[in-house]
file upload.txt (compact mmCIF, C-alpha atoms and all ligand atoms)
# COMPACT_ATOMS: atom_id res chain seq x y z
CA MET A 91 28.14 9.41 -9.22
CA ALA A 92 29.55 5.88 -8.97
CA LYS A 93 28.60 3.54 -11.78
CA LEU A 94 26.17 0.71 -11.22
CA ASN A 95 27.82 -2.67 -10.93
CA PRO A 96 26.97 -5.28 -13.61
CA GLN A 97 24.26 -6.95 -11.49
CA GLN A 98 22.62 -3.60 -10.79
CA GLN A 99 22.77 -2.70 -14.47
CA ALA A 100 21.13 -5.98 -15.43
CA ALA A 101 18.39 -5.42 -12.85
CA VAL A 102 17.75 -1.86 -14.04
CA LYS A 103 17.48 -2.93 -17.66
CA ALA A 104 15.23 -5.95 -17.03
CA ILE A 105 11.91 -4.24 -17.69
CA ASP A 106 9.83 -6.71 -19.68
CA HIS A 107 9.20 -9.20 -16.90
CA PRO A 108 8.65 -9.16 -13.14
CA LEU A 109 11.85 -9.03 -11.16
CA LEU A 110 12.75 -9.70 -7.55
CA VAL A 111 16.07 -8.26 -6.42
CA LEU A 112 17.60 -10.09 -3.47
CA ALA A 113 20.83 -8.62 -2.14
CA GLY A 114 22.46 -7.85 1.16
CA ALA A 115 21.98 -4.84 3.41
CA GLY A 116 23.40 -1.65 1.92
CA SER A 117 24.33 -3.35 -1.33
CA GLY A 118 22.40 -0.97 -3.59
CA LYS A 119 18.84 -2.35 -3.95
CA THR A 120 17.07 0.97 -3.48
CA ARG A 121 19.53 2.47 -5.94
CA VAL A 122 18.36 -0.11 -8.49
CA ILE A 123 14.78 1.11 -8.00
CA THR A 124 15.65 4.79 -8.44
CA GLU A 125 17.87 4.14 -11.44
CA LYS A 126 15.17 1.93 -12.92
CA ILE A 127 12.60 4.70 -12.64
CA ALA A 128 15.00 6.99 -14.53
CA TYR A 129 15.69 4.26 -17.10
CA LEU A 130 11.97 3.61 -17.68
CA VAL A 131 11.29 7.31 -18.21
CA LYS A 132 14.23 7.61 -20.60
CA GLN A 133 12.86 4.60 -22.49
CA GLY A 134 9.70 6.61 -23.09
CA LEU A 135 7.34 5.48 -20.33
CA PRO A 136 5.64 8.57 -18.90
CA ALA A 137 6.40 8.96 -15.20
CA ARG A 138 2.68 9.07 -14.40
CA HIS A 139 2.55 5.35 -15.21
CA ILE A 140 5.22 4.49 -12.65
CA ALA A 141 4.65 3.90 -8.96
CA ALA A 142 7.29 3.09 -6.36
CA VAL A 143 6.12 2.06 -2.92
CA THR A 144 7.87 1.59 0.35
CA PHE A 145 7.03 1.41 4.03
CA THR A 146 7.86 4.68 5.71
CA ASN A 147 7.34 8.28 4.71
CA LYS A 148 11.03 8.84 5.35
CA ALA A 149 12.02 6.10 2.87
CA ALA A 150 9.57 7.48 0.32
CA ARG A 151 11.00 10.99 0.69
CA GLU A 152 14.53 9.67 0.36
CA MET A 153 13.63 7.76 -2.80
CA LYS A 154 11.91 10.79 -4.29
CA SER A 155 14.93 12.97 -3.67
CA ARG A 156 17.25 10.40 -5.23
CA VAL A 157 15.04 10.19 -8.36
CA SER A 158 14.93 13.97 -8.67
CA LYS A 159 18.71 13.93 -9.02
CA LEU A 160 18.40 11.62 -12.02
CA LEU A 161 15.53 13.27 -13.90
CA ASP A 162 14.35 16.82 -14.44
CA ASP A 163 11.03 18.22 -13.21
CA THR A 164 9.18 17.67 -16.47
CA GLN A 165 10.30 14.07 -16.70
CA ILE A 166 9.23 13.43 -13.12
CA ARG A 167 5.74 14.89 -13.43
CA GLY A 168 3.07 12.47 -12.21
CA LEU A 169 5.56 10.01 -10.72
CA ARG A 170 4.14 8.31 -7.64
CA VAL A 171 6.63 7.55 -4.88
CA SER A 172 4.82 6.83 -1.64
CA THR A 173 4.12 4.44 1.16
CA PHE A 174 1.66 1.59 0.65
CA HIS A 175 -0.71 3.45 2.94
CA SER A 176 -0.70 6.70 1.01
CA LEU A 177 -1.18 4.81 -2.25
CA GLY A 178 -4.19 3.15 -0.59
CA LEU A 179 -5.58 6.46 0.63
CA ASP A 180 -5.17 7.94 -2.82
CA ILE A 181 -7.09 5.03 -4.36
CA LEU A 182 -9.86 5.36 -1.76
CA ARG A 183 -10.17 9.12 -2.22
CA LYS A 184 -10.41 8.75 -5.99
CA GLU A 185 -12.84 5.82 -5.85
CA HIS A 186 -14.91 6.92 -2.87
CA LYS A 187 -18.17 6.80 -4.84
CA VAL A 188 -17.83 3.12 -5.75
CA LEU A 189 -17.26 2.38 -2.07
CA ALA A 190 -20.23 4.55 -1.03
CA TYR A 191 -18.07 7.03 0.89
CA LYS A 192 -18.47 10.78 0.64
CA ALA A 193 -15.64 12.76 -0.93
CA ALA A 194 -13.65 13.98 2.07
CA ILE A 195 -12.63 10.69 3.67
CA THR A 196 -11.16 11.10 7.16
CA LEU A 197 -8.21 9.00 8.25
CA PHE A 198 -8.41 7.63 11.81
CA ASP A 199 -5.03 6.95 13.40
CA GLU A 200 -4.47 4.42 16.20
CA GLN A 201 -5.45 7.01 18.82
CA ASP A 202 -8.72 7.82 17.01
CA LYS A 203 -9.40 4.10 16.72
CA GLN A 204 -8.96 3.64 20.48
CA THR A 205 -11.16 6.65 21.23
CA LEU A 206 -13.94 5.36 19.01
CA LEU A 207 -13.75 1.90 20.60
CA LYS A 208 -13.83 3.49 24.06
CA ASN A 209 -16.95 5.46 23.12
CA LEU A 210 -18.64 2.34 21.83
CA ILE A 211 -17.86 0.51 25.07
CA ASN A 212 -19.07 3.43 27.18
CA HIS A 213 -22.27 3.41 25.18
CA GLY A 214 -22.86 -0.21 26.04
CA ALA A 215 -21.14 -2.34 23.37
CA LYS A 216 -22.27 -5.86 24.19
CA ASP A 217 -20.07 -7.88 26.59
CA CYS A 218 -17.19 -5.42 26.20
CA ASP A 219 -14.89 -4.22 28.89
CA LEU A 220 -12.66 -1.12 28.84
CA ASP A 221 -9.82 -3.19 30.32
CA ASN A 222 -9.72 -5.17 27.08
CA LEU A 223 -9.59 -2.16 24.78
CA ASP A 224 -6.10 -2.94 23.45
CA ASN A 225 -7.11 -6.53 22.74
CA TYR A 226 -10.16 -5.45 20.75
CA ALA A 227 -8.10 -2.94 18.78
CA ARG A 228 -5.45 -5.55 17.98
CA GLN A 229 -7.99 -8.26 17.14
CA ILE A 230 -9.85 -5.94 14.77
CA GLY A 231 -6.57 -5.17 13.01
CA GLN A 232 -5.79 -8.88 12.74
CA TRP A 233 -9.20 -9.63 11.27
CA LYS A 234 -8.90 -6.83 8.76
CA ASN A 235 -5.47 -8.01 7.71
CA ALA A 236 -6.82 -11.52 7.22
CA PHE A 237 -9.77 -10.28 5.10
CA VAL A 238 -12.26 -11.33 7.78
CA THR A 239 -15.41 -9.18 7.64
CA PRO A 240 -17.37 -8.33 10.83
CA GLU A 241 -20.06 -10.82 9.75
CA GLN A 242 -17.48 -13.57 9.27
CA ALA A 243 -15.83 -12.68 12.58
CA GLN A 244 -19.15 -12.99 14.36
CA ALA A 245 -19.92 -16.28 12.67
CA THR A 246 -16.56 -17.85 13.49
CA ALA A 247 -15.54 -16.17 16.77
CA THR A 248 -14.40 -18.35 19.63
CA ARG A 249 -15.82 -17.68 23.06
CA GLU A 250 -12.84 -15.40 23.81
CA GLN A 251 -13.31 -13.49 20.55
CA TYR A 252 -17.05 -13.06 20.87
CA ALA A 253 -17.01 -9.57 22.41
CA ALA A 254 -14.32 -8.39 19.97
CA ALA A 255 -16.38 -9.61 17.01
CA GLY A 256 -19.39 -7.66 18.25
CA ILE A 257 -17.47 -4.44 18.72
CA TYR A 258 -15.71 -4.97 15.36
CA ASN A 259 -19.15 -4.82 13.75
CA GLU A 260 -20.15 -1.67 15.62
CA TYR A 261 -16.76 -0.08 14.99
CA THR A 262 -17.04 -0.72 11.25
CA ARG A 263 -20.52 0.82 11.12
CA SER A 264 -19.36 3.85 13.13
CA LEU A 265 -16.33 4.45 10.93
CA LYS A 266 -18.58 4.43 7.88
CA ALA A 267 -20.97 6.86 9.60
CA TYR A 268 -18.02 9.20 10.21
CA ASN A 269 -16.98 8.76 6.56
CA ALA A 270 -13.69 7.56 8.03
CA VAL A 271 -11.20 4.75 7.47
CA ASP A 272 -8.46 3.42 9.74
CA PHE A 273 -4.88 2.46 8.80
CA ASP A 274 -5.73 -1.16 8.09
CA ASP A 275 -8.54 -0.04 5.77
CA LEU A 276 -6.03 1.84 3.62
CA ILE A 277 -4.85 -1.49 2.24
CA LEU A 278 -7.88 -3.69 2.88
CA LEU A 279 -10.49 -1.48 1.18
CA PRO A 280 -8.55 -0.98 -2.08
CA VAL A 281 -8.02 -4.77 -2.26
CA LEU A 282 -11.75 -5.43 -1.72
CA LEU A 283 -12.60 -2.66 -4.18
CA PHE A 284 -10.37 -4.16 -6.87
CA GLN A 285 -11.66 -7.68 -6.22
CA GLN A 286 -15.29 -6.59 -6.46
CA HIS A 287 -15.01 -4.05 -9.30
CA PRO A 288 -12.93 -5.36 -12.20
CA ALA A 289 -13.47 -2.18 -14.23
CA VAL A 290 -11.99 -0.05 -11.44
CA LEU A 291 -9.06 -2.46 -11.16
CA GLU A 292 -8.45 -2.26 -14.88
CA LYS A 293 -8.43 1.52 -14.70
CA TRP A 294 -5.70 1.41 -12.01
CA GLN A 295 -3.76 -1.26 -13.89
CA ASN A 296 -3.72 1.09 -16.85
CA LYS A 297 -2.65 3.96 -14.68
CA ILE A 298 0.11 2.11 -12.81
CA ARG A 299 1.92 0.23 -15.54
CA TYR A 300 5.13 -0.20 -13.63
CA LEU A 301 5.14 -0.94 -9.93
CA LEU A 302 8.36 -1.05 -7.91
CA VAL A 303 8.34 -2.19 -4.29
CA ASP A 304 11.22 -1.45 -1.96
CA GLU A 305 11.71 -3.58 1.17
CA TYR A 306 9.45 -6.24 -0.37
CA GLN A 307 10.22 -8.65 2.47
CA ASP A 308 8.15 -6.43 4.77
CA THR A 309 4.90 -6.69 2.79
CA ASN A 310 2.08 -8.33 4.71
CA ILE A 311 -0.70 -10.42 3.17
CA THR A 312 -2.99 -7.51 2.33
CA GLN A 313 -0.16 -5.45 0.84
CA TYR A 314 0.91 -8.45 -1.20
CA GLN A 315 -2.67 -8.82 -2.49
CA LEU A 316 -2.70 -5.17 -3.50
CA VAL A 317 0.57 -5.58 -5.40
CA LYS A 318 -0.66 -8.79 -7.02
CA LEU A 319 -3.94 -7.26 -8.16
CA LEU A 320 -2.23 -4.23 -9.65
CA TYR A 321 0.40 -6.36 -11.29
CA GLU A 322 -1.87 -9.05 -12.76
CA LYS A 323 -2.54 -8.58 -16.43
CA SER A 324 -0.08 -5.73 -16.22
CA LYS A 325 0.12 -3.66 -19.36
CA THR A 326 3.87 -3.40 -18.95
CA TYR A 327 4.51 -6.02 -21.62
CA ARG A 328 2.49 -4.14 -24.19
CA VAL A 329 4.28 -0.92 -23.46
CA PHE A 330 7.70 -2.40 -23.97
CA SER A 331 7.24 -5.10 -26.57
CA VAL A 332 8.13 -2.93 -29.53
N1 LIG A 401 27.26 0.67 -7.67
C1 LIG A 401 27.48 1.46 -6.63
N2 LIG A 401 28.69 2.05 -6.47
C2 LIG A 401 28.92 2.87 -5.41
N3 LIG A 401 27.99 3.16 -4.46
C3 LIG A 401 26.79 2.61 -4.57
C4 LIG A 401 26.46 1.73 -5.66
N4 LIG A 401 25.16 1.33 -5.48
C5 LIG A 401 24.71 1.93 -4.36
N5 LIG A 401 25.67 2.69 -3.79
C6 LIG A 401 25.58 3.49 -2.57
O1 LIG A 401 25.54 2.60 -1.45
C7 LIG A 401 24.65 3.09 -0.46
C8 LIG A 401 23.58 2.05 -0.19
O2 LIG A 401 22.77 1.89 -1.35
P1 LIG A 401 21.23 1.56 -1.25
O3 LIG A 401 20.56 2.44 -0.26
O4 LIG A 401 20.67 1.57 -2.64
O5 LIG A 401 21.32 0.09 -0.69
P2 LIG A 401 20.17 -0.88 -0.17
O6 LIG A 401 20.55 -2.26 -0.62
O7 LIG A 401 18.85 -0.38 -0.61
O8 LIG A 401 20.36 -0.72 1.38
P3 LIG A 401 19.34 -1.20 2.56
O9 LIG A 401 19.60 -2.65 2.74
O10 LIG A 401 19.79 -0.37 3.71
O11 LIG A 401 17.95 -0.89 2.09
C9 LIG A 401 24.08 4.39 -0.99
O12 LIG A 401 24.83 5.46 -0.48
C10 LIG A 401 24.29 4.27 -2.49
O13 LIG A 401 24.39 5.54 -3.12
MG MG A 402 17.17 0.10 0.54
call {"tool": "encode", "arguments": {"input": "upload.txt", "output": "structure tokens"}}
result
Amino acid sequence: MAKLNPQQQAAVKAIDHPLLVLAGAGSGKTRVITEKIAYLVKQGLPARHIAAVTFTNKAAREMKSRVSKLLDDTQIRGLRVSTFHSLGLDILRKEHKVLAYKAAITLFDEQDKQTLLKNLINHGAKDCDLDNLDNYARQIGQWKNAFVTPEQAQATATREQYAAAGIYNEYTRSLKAYNAVDFDDLILLPVLLFQQHPAVLEKWQNKIRYLLVDEYQDTNITQYQLVKLLYEKSKTYRVFSV
């Protein structure tokens, strides 16, 4: 395999402080992440303390397969390479009790979300109109991604948003009744969980001691918050300051 260039080598070996790698398309950024995972493991950090996140399942699979060429099966055990969303789902499934969900959380995709909204409208959701279904779905996503709760949405809604805020509230209650979460919840709920339960956050900070994010420029506000919470007071320094 081709050797890393000097900049890549420096990035791989910089492990005692946060690092942002900015480089052009196809210049070897993802390679830095995979090599860094291998380097960390070879430095003695158990793979179960390392998480690499990216945006698509395809990218996650690709990264996993690249890492498996650098390390053997034993070294790789417990390594987490996934999308933001599957990291979120994993956190929710493990912490369901704190969030007052039952164990087998169901994931609603966009189609399930639309179906649930349609049902709520057909059952008389206040001031709502089936023609505006897409708008409600989009608005709910926007609120969730801006950390706006249904109560806050109702308190601050403009005249145009009033119906959406009402159905957002009903939708949230219904999801909970189904023991379900939607895609936006996969990031939002872990962030809220970590903000409200410092002990749970600390547990995850201890678990994920090294977090690597590919395609960082694509993180939205909620994903950034999740990264920031996990990173803050990171134990990484303690692990490596020998
Ligand atoms: N130092 C190197 N020498 C030779 N080939 C390399 C080197 N670093 C990376 N490559 C190869 O270049 C290609 C692109 O690398 P990589 O996917 O890591 O780039 P990237 O910056 O993440 O790209 P993108 O912008 O598409 O995400 C891969 O085939 C990789 O194996
Ligand atoms: Mg890449």
call {"tool": "residues_around", "arguments": {"input": "upload.txt", "residues": "Gln201 (chain A)", "least_positions_apart": "3", "cutoff": "12 Å", "atoms": "all atoms listed in the file", "output": "mmCIF file with C-alpha atoms, keeping the file's coordinate frame"}}
result
data_model
loop_
_atom_site.group_PDB
_atom_site.id
_atom_site.type_symbol
_atom_site.label_atom_id
_atom_site.label_comp_id
_atom_site.auth_asym_id
_atom_site.auth_seq_id
_atom_site.Cartn_x
_atom_site.Cartn_y
_atom_site.Cartn_z
ATOM 1 C CA LEU A 197 -8.210 9.000 8.250
ATOM 2 C CA PHE A 198 -8.410 7.630 11.810
ATOM 3 C CA GLN A 204 -8.960 3.640 20.480
ATOM 4 C CA THR A 205 -11.160 6.650 21.230
ATOM 5 C CA LEU A 206 -13.940 5.360 19.010
ATOM 6 C CA LEU A 207 -13.750 1.900 20.600
ATOM 7 C CA LYS A 208 -13.830 3.490 24.060
ATOM 8 C CA LEU A 223 -9.590 -2.160 24.780
ATOM 9 C CA ASP A 224 -6.100 -2.940 23.450
ATOM 10 C CA ALA A 227 -8.100 -2.940 18.780
ATOM 11 C CA ASP A 272 -8.460 3.420 9.740
ATOM 12 C CA PHE A 273 -4.880 2.460 8.800
#
call {"tool": "residues_around", "arguments": {"input": "upload.txt", "residues": "region 147-159 of chain A", "least_positions_apart": "5", "cutoff": "8 Å", "atoms": "all atoms listed in the file", "output": "list of chain:residue names"}}
result
A:Thr120, A:Thr124, A:Glu125, A:Ile127, A:Ala128, A:Ile166, A:Val171, A:Ser172, A:Thr173
call {"tool": "closest_atom_pairs", "arguments": {"input": "upload.txt", "of": "chain A", "to": "ligand MG 402 (chain A)", "cutoff": "8 Å", "atoms": "only C-alpha atoms and all ligand atoms", "output": "CSV"}}
result
residue,atom,partner,partner_atom,distance
A:Ala115,CA,A:MG402,MG,7.5
A:Gly116,CA,A:MG402,MG,6.6
A:Gly118,CA,A:MG402,MG,6.7
A:Lys119,CA,A:MG402,MG,5.4
A:Thr120,CA,A:MG402,MG,4.1
A:Arg121,CA,A:MG402,MG,7.3
A:Asp304,CA,A:MG402,MG,6.6
A:Glu305,CA,A:MG402,MG,6.6
call {"tool": "closest_residue", "arguments": {"input": "upload.txt", "among": "A:Lys184, A:Arg138, A:Lys216, A:Lys203", "to": "Tyr252 (chain A)", "atoms": "all atoms listed in the file"}}
result
A:Lys216
call {"tool": "closest_residue", "arguments": {"input": "upload.txt", "among": "A:Val303, A:Ile211, A:Ala270, A:Leu282", "to": "ligand LIG 401 (chain A)", "atoms": "only C-alpha atoms and all ligand atoms"}}
result
A:Val303
call {"tool": "axis_aligned_box", "arguments": {"input": "upload.txt", "around": "region 100-108 of chain A", "padding_each_side": "8 Å", "output": "AutoDock Vina command-line options"}}
result
--center_x 14.9 --center_y -5.5 --center_z -16.3 --size_x 28.5 --size_y 23.3 --size_z 22.8
call {"tool": "residues_around", "arguments": {"input": "upload.txt", "residues": "Gly168 (chain A)", "least_positions_apart": "3", "cutoff": "9 Å", "atoms": "all atoms listed in the file", "output": "list in words"}}
result
Pro136, Ala137, Arg138, His139, Ile140 and Gln165 of chain A
call {"tool": "atom_distance", "arguments": {"input": "upload.txt", "atom1": "CA of Ser264 (chain A)", "atom2": "CA of Glu241 (chain A)"}}
result
15.1 Å
call {"tool": "residues_around", "arguments": {"input": "upload.txt", "residues": "Lys93 (chain A)", "least_positions_apart": "2", "cutoff": "12 Å", "atoms": "all atoms listed in the file", "output": "VMD selection string"}}
result
chain A and resid 91 95 to 99 118 121 to 122 125
call {"tool": "residues_around", "arguments": {"input": "upload.txt", "residues": "Phe237 (chain A)", "least_positions_apart": "5", "cutoff": "10 Å", "atoms": "only C-alpha atoms", "output": "JSON, numbers by chain"}}
result
{"A": [231, 232, 242, 243, 278, 279, 281, 282, 311, 312]}
call {"tool": "closest_residue", "arguments": {"input": "upload.txt", "among": "A:Ile257, A:Leu316, A:Val102, A:Val271", "to": "Ala194 (chain A)", "atoms": "all atoms listed in the file"}}
result
A:Val271
call {"tool": "atom_distance", "arguments": {"input": "upload.txt", "atom1": "CA of Lys318 (chain A)", "atom2": "atom O11 of ligand LIG 401 (chain A)"}}
result
22.2 Å
call {"tool": "build_atoms", "arguments": {"input": "upload.txt", "residues": "region 277-290 of chain A", "atoms": "N, CA and C atoms", "output": "PDB file, in the coordinates of the input"}}
result
ATOM      1  N   ILE A 277      -5.274  -0.407   3.127  1.00  0.00           N
ATOM      2  CA  ILE A 277      -4.850  -1.490   2.240  1.00  0.00           C
ATOM      3  C   ILE A 277      -6.042  -2.406   1.959  1.00  0.00           C
ATOM      4  N   LEU A 278      -6.775  -2.743   3.024  1.00  0.00           N
ATOM      5  CA  LEU A 278      -7.880  -3.690   2.880  1.00  0.00           C
ATOM      6  C   LEU A 278      -8.942  -3.199   1.878  1.00  0.00           C
ATOM      7  N   LEU A 279      -9.395  -1.954   2.032  1.00  0.00           N
ATOM      8  CA  LEU A 279     -10.490  -1.480   1.180  1.00  0.00           C
ATOM      9  C   LEU A 279     -10.112  -1.410  -0.307  1.00  0.00           C
ATOM     10  N   PRO A 280      -8.909  -0.925  -0.658  1.00  0.00           N
ATOM     11  CA  PRO A 280      -8.550  -0.980  -2.080  1.00  0.00           C
ATOM     12  C   PRO A 280      -8.527  -2.420  -2.617  1.00  0.00           C
ATOM     13  N   VAL A 281      -8.047  -3.370  -1.798  1.00  0.00           N
ATOM     14  CA  VAL A 281      -8.020  -4.770  -2.260  1.00  0.00           C
ATOM     15  C   VAL A 281      -9.455  -5.255  -2.512  1.00  0.00           C
ATOM     16  N   LEU A 282     -10.356  -4.998  -1.550  1.00  0.00           N
ATOM     17  CA  LEU A 282     -11.750  -5.430  -1.720  1.00  0.00           C
ATOM     18  C   LEU A 282     -12.381  -4.726  -2.925  1.00  0.00           C
ATOM     19  N   LEU A 283     -12.086  -3.447  -3.050  1.00  0.00           N
ATOM     20  CA  LEU A 283     -12.600  -2.660  -4.180  1.00  0.00           C
ATOM     21  C   LEU A 283     -12.177  -3.287  -5.506  1.00  0.00           C
ATOM     22  N   PHE A 284     -10.886  -3.585  -5.617  1.00  0.00           N
ATOM     23  CA  PHE A 284     -10.370  -4.160  -6.870  1.00  0.00           C
ATOM     24  C   PHE A 284     -10.936  -5.552  -7.115  1.00  0.00           C
ATOM     25  N   GLN A 285     -11.114  -6.325  -6.036  1.00  0.00           N
ATOM     26  CA  GLN A 285     -11.660  -7.680  -6.220  1.00  0.00           C
ATOM     27  C   GLN A 285     -13.113  -7.618  -6.696  1.00  0.00           C
ATOM     28  N   GLN A 286     -13.847  -6.628  -6.182  1.00  0.00           N
ATOM     29  CA  GLN A 286     -15.290  -6.590  -6.460  1.00  0.00           C
ATOM     30  C   GLN A 286     -15.640  -5.766  -7.702  1.00  0.00           C
ATOM     31  N   HIS A 287     -14.705  -4.934  -8.162  1.00  0.00           N
ATOM     32  CA  HIS A 287     -15.010  -4.050  -9.300  1.00  0.00           C
ATOM     33  C   HIS A 287     -13.906  -4.134 -10.349  1.00  0.00           C
ATOM     34  N   PRO A 288     -13.991  -5.149 -11.211  1.00  0.00           N
ATOM     35  CA  PRO A 288     -12.930  -5.360 -12.200  1.00  0.00           C
ATOM     36  C   PRO A 288     -12.660  -4.132 -13.075  1.00  0.00           C
ATOM     37  N   ALA A 289     -13.688  -3.346 -13.367  1.00  0.00           N
ATOM     38  CA  ALA A 289     -13.470  -2.180 -14.230  1.00  0.00           C
ATOM     39  C   ALA A 289     -12.600  -1.140 -13.524  1.00  0.00           C
ATOM     40  N   VAL A 290     -12.813  -1.004 -12.215  1.00  0.00           N
ATOM     41  CA  VAL A 290     -11.990  -0.050 -11.440  1.00  0.00           C
ATOM     42  C   VAL A 290     -10.559  -0.561 -11.386  1.00  0.00           C
TER      43      VAL A 290
END
